[in-house]
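Heads up: the structure comes next, in structure tokens.
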Amino acid sequence: MKRKNAALCGNLLMGLGLVIMVGGIAYAVLSQVSNLGMPDFFTHGAVMSIFIGALLWLTGARVGGREAVADRYYWVRHYDARCRKNHRHS
């Protein structure tokens, strides 16, 4: 796949994953908070859709080339061995 098509496909998968995650969270919260008479079967499916959306998000990040973790995050800079400036091998 060409770089432009891969980036577009990755962005679409990430967007779809985000929509599925947010929809699943919204449905799960609404079914627990309100008395709208929503079936329990769909509530369990909504919780599963959160994980499916996360999987789509990660797949889109991988396809689009955004799977690398930036070194600007505090934890990665200070505790990840790949980002340390002093490379001592024990």
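Here, A, B, ... name the chains of the structure tokens in the order displayed, residue numbers run from 1 inside each chain, and ligands are numbered from 1 in the same displayed order.
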Legend entry - Non-local contacts of Thr59 of chain A (8 Å; only C-alpha atoms; under 4 positions in same chain excluded) as number ranges by chain: A: 10, 13-14, 55, 63
Inset, instruction - Skip Phe51 of chain A itself and residues of its chain fewer than 3 positions away, then list as a PyMOL selection string all residues within 10 Å of it, counting only C-alpha atoms. - result: chain A and resi 17+20-21+24+46-48+54-57
Same residues, N, CA, C and O atoms, output as a PDB file, in the first residue's frame:
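The resulting file, part-v1.pdb, is shown below:
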ATOM      1  N   GLY A  17     -12.631   3.196  15.234  1.00  0.00           N
ATOM      2  CA  GLY A  17     -12.408   2.659  16.575  1.00  0.00           C
ATOM      3  C   GLY A  17     -12.825   3.635  17.659  1.00  0.00           C
ATOM      4  O   GLY A  17     -13.416   3.252  18.667  1.00  0.00           O
ATOM      5  N   ILE A  20     -16.658   3.713  17.843  1.00  0.00           N
ATOM      6  CA  ILE A  20     -17.179   2.499  18.467  1.00  0.00           C
ATOM      7  C   ILE A  20     -16.925   2.522  19.973  1.00  0.00           C
ATOM      8  O   ILE A  20     -17.810   2.164  20.765  1.00  0.00           O
ATOM      9  N   MET A  21     -15.740   2.964  20.390  1.00  0.00           N
ATOM     10  CA  MET A  21     -15.451   3.038  21.826  1.00  0.00           C
ATOM     11  C   MET A  21     -16.366   4.023  22.534  1.00  0.00           C
ATOM     12  O   MET A  21     -16.941   3.713  23.582  1.00  0.00           O
ATOM     13  N   GLY A  24     -19.911   2.683  22.665  1.00  0.00           N
ATOM     14  CA  GLY A  24     -20.029   1.606  23.647  1.00  0.00           C
ATOM     15  C   GLY A  24     -20.043   2.131  25.067  1.00  0.00           C
ATOM     16  O   GLY A  24     -20.823   1.669  25.912  1.00  0.00           O
ATOM     17  N   ALA A  46     -22.098  -3.754  24.574  1.00  0.00           N
ATOM     18  CA  ALA A  46     -21.514  -2.414  24.598  1.00  0.00           C
ATOM     19  C   ALA A  46     -20.157  -2.425  25.279  1.00  0.00           C
ATOM     20  O   ALA A  46     -19.219  -1.751  24.834  1.00  0.00           O
ATOM     21  N   VAL A  47     -20.034  -3.209  26.330  1.00  0.00           N
ATOM     22  CA  VAL A  47     -18.736  -3.331  27.001  1.00  0.00           C
ATOM     23  C   VAL A  47     -17.731  -4.010  26.069  1.00  0.00           C
ATOM     24  O   VAL A  47     -16.568  -3.610  25.992  1.00  0.00           O
ATOM     25  N   MET A  48     -18.170  -4.997  25.339  1.00  0.00           N
ATOM     26  CA  MET A  48     -17.294  -5.668  24.372  1.00  0.00           C
ATOM     27  C   MET A  48     -16.913  -4.726  23.243  1.00  0.00           C
ATOM     28  O   MET A  48     -15.791  -4.789  22.726  1.00  0.00           O
ATOM     29  N   ALA A  54     -11.016  -0.342  20.720  1.00  0.00           N
ATOM     30  CA  ALA A  54      -9.596  -0.159  21.047  1.00  0.00           C
ATOM     31  C   ALA A  54      -8.714  -0.967  20.102  1.00  0.00           C
ATOM     32  O   ALA A  54      -7.648  -0.502  19.673  1.00  0.00           O
ATOM     33  N   LEU A  55      -9.157  -2.161  19.763  1.00  0.00           N
ATOM     34  CA  LEU A  55      -8.399  -2.987  18.822  1.00  0.00           C
ATOM     35  C   LEU A  55      -8.350  -2.341  17.442  1.00  0.00           C
ATOM     36  O   LEU A  55      -7.300  -2.321  16.790  1.00  0.00           O
ATOM     37  N   LEU A  56      -9.481  -1.791  16.992  1.00  0.00           N
ATOM     38  CA  LEU A  56      -9.491  -1.076  15.711  1.00  0.00           C
ATOM     39  C   LEU A  56      -8.589   0.155  15.755  1.00  0.00           C
ATOM     40  O   LEU A  56      -7.900   0.466  14.789  1.00  0.00           O
ATOM     41  N   TRP A  57      -8.607   0.858  16.878  1.00  0.00           N
ATOM     42  CA  TRP A  57      -7.751   2.033  17.042  1.00  0.00           C
ATOM     43  C   TRP A  57      -6.277   1.634  16.905  1.00  0.00           C
ATOM     44  O   TRP A  57      -5.517   2.277  16.181  1.00  0.00           O
TER      45      TRP A  57
END
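Our summary of the geometry notes that atom CA of Gly23 of chain A is positioned 26.7 Å from atom CA of Asn5 of chain A.
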Taking 5 positions as the minimum chain separation for residues in the same chain, which residues sit within 10 Å of segment 31-33 of chain A when counting only C-alpha atoms? Answer as a short mmCIF file (atom, residue, chain, number, x, y, z; two decimals) with N, CA, C and O atoms, in the first residue's frame.
data_model
loop_
_atom_site.label_atom_id
_atom_site.label_comp_id
_atom_site.auth_asym_id
_atom_site.auth_seq_id
_atom_site.Cartn_x
_atom_site.Cartn_y
_atom_site.Cartn_z
N ILE A 25 -19.18 3.11 25.34
CA ILE A 25 -19.15 3.70 26.68
C ILE A 25 -20.47 4.42 26.96
O ILE A 25 -21.05 4.29 28.05
N ALA A 26 -20.94 5.18 25.99
CA ALA A 26 -22.20 5.92 26.18
C ALA A 26 -23.37 4.97 26.42
O ALA A 26 -24.19 5.21 27.31
N MET A 38 -33.37 -0.73 28.60
CA MET A 38 -32.45 -1.32 27.62
C MET A 38 -32.13 -2.76 28.02
O MET A 38 -31.92 -3.05 29.19
N PRO A 39 -32.10 -3.67 27.06
CA PRO A 39 -31.82 -5.08 27.40
C PRO A 39 -30.38 -5.27 27.89
O PRO A 39 -29.46 -4.58 27.45
N ASP A 40 -30.22 -6.22 28.82
CA ASP A 40 -28.89 -6.50 29.38
C ASP A 40 -27.95 -7.09 28.34
O ASP A 40 -26.74 -6.91 28.43
N PHE A 42 -27.54 -6.25 25.25
CA PHE A 42 -26.86 -5.18 24.52
C PHE A 42 -25.87 -4.43 25.41
O PHE A 42 -24.89 -3.88 24.93
N THR A 43 -26.12 -4.41 26.71
CA THR A 43 -25.17 -3.77 27.63
C THR A 43 -23.86 -4.53 27.65
O THR A 43 -22.79 -3.93 27.62
N ALA A 46 -22.10 -3.75 24.57
CA ALA A 46 -21.51 -2.41 24.60
C ALA A 46 -20.16 -2.42 25.28
O ALA A 46 -19.22 -1.75 24.83
#
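Picture a line from atom CA of Leu12 of chain A to atom CA of Leu30 of chain A; it runs 26.7 Å.
Computed from the coordinates, the atom CA of Ile52 of chain A to atom CA of Lys4 of chain A distance equals 25.3 Å.
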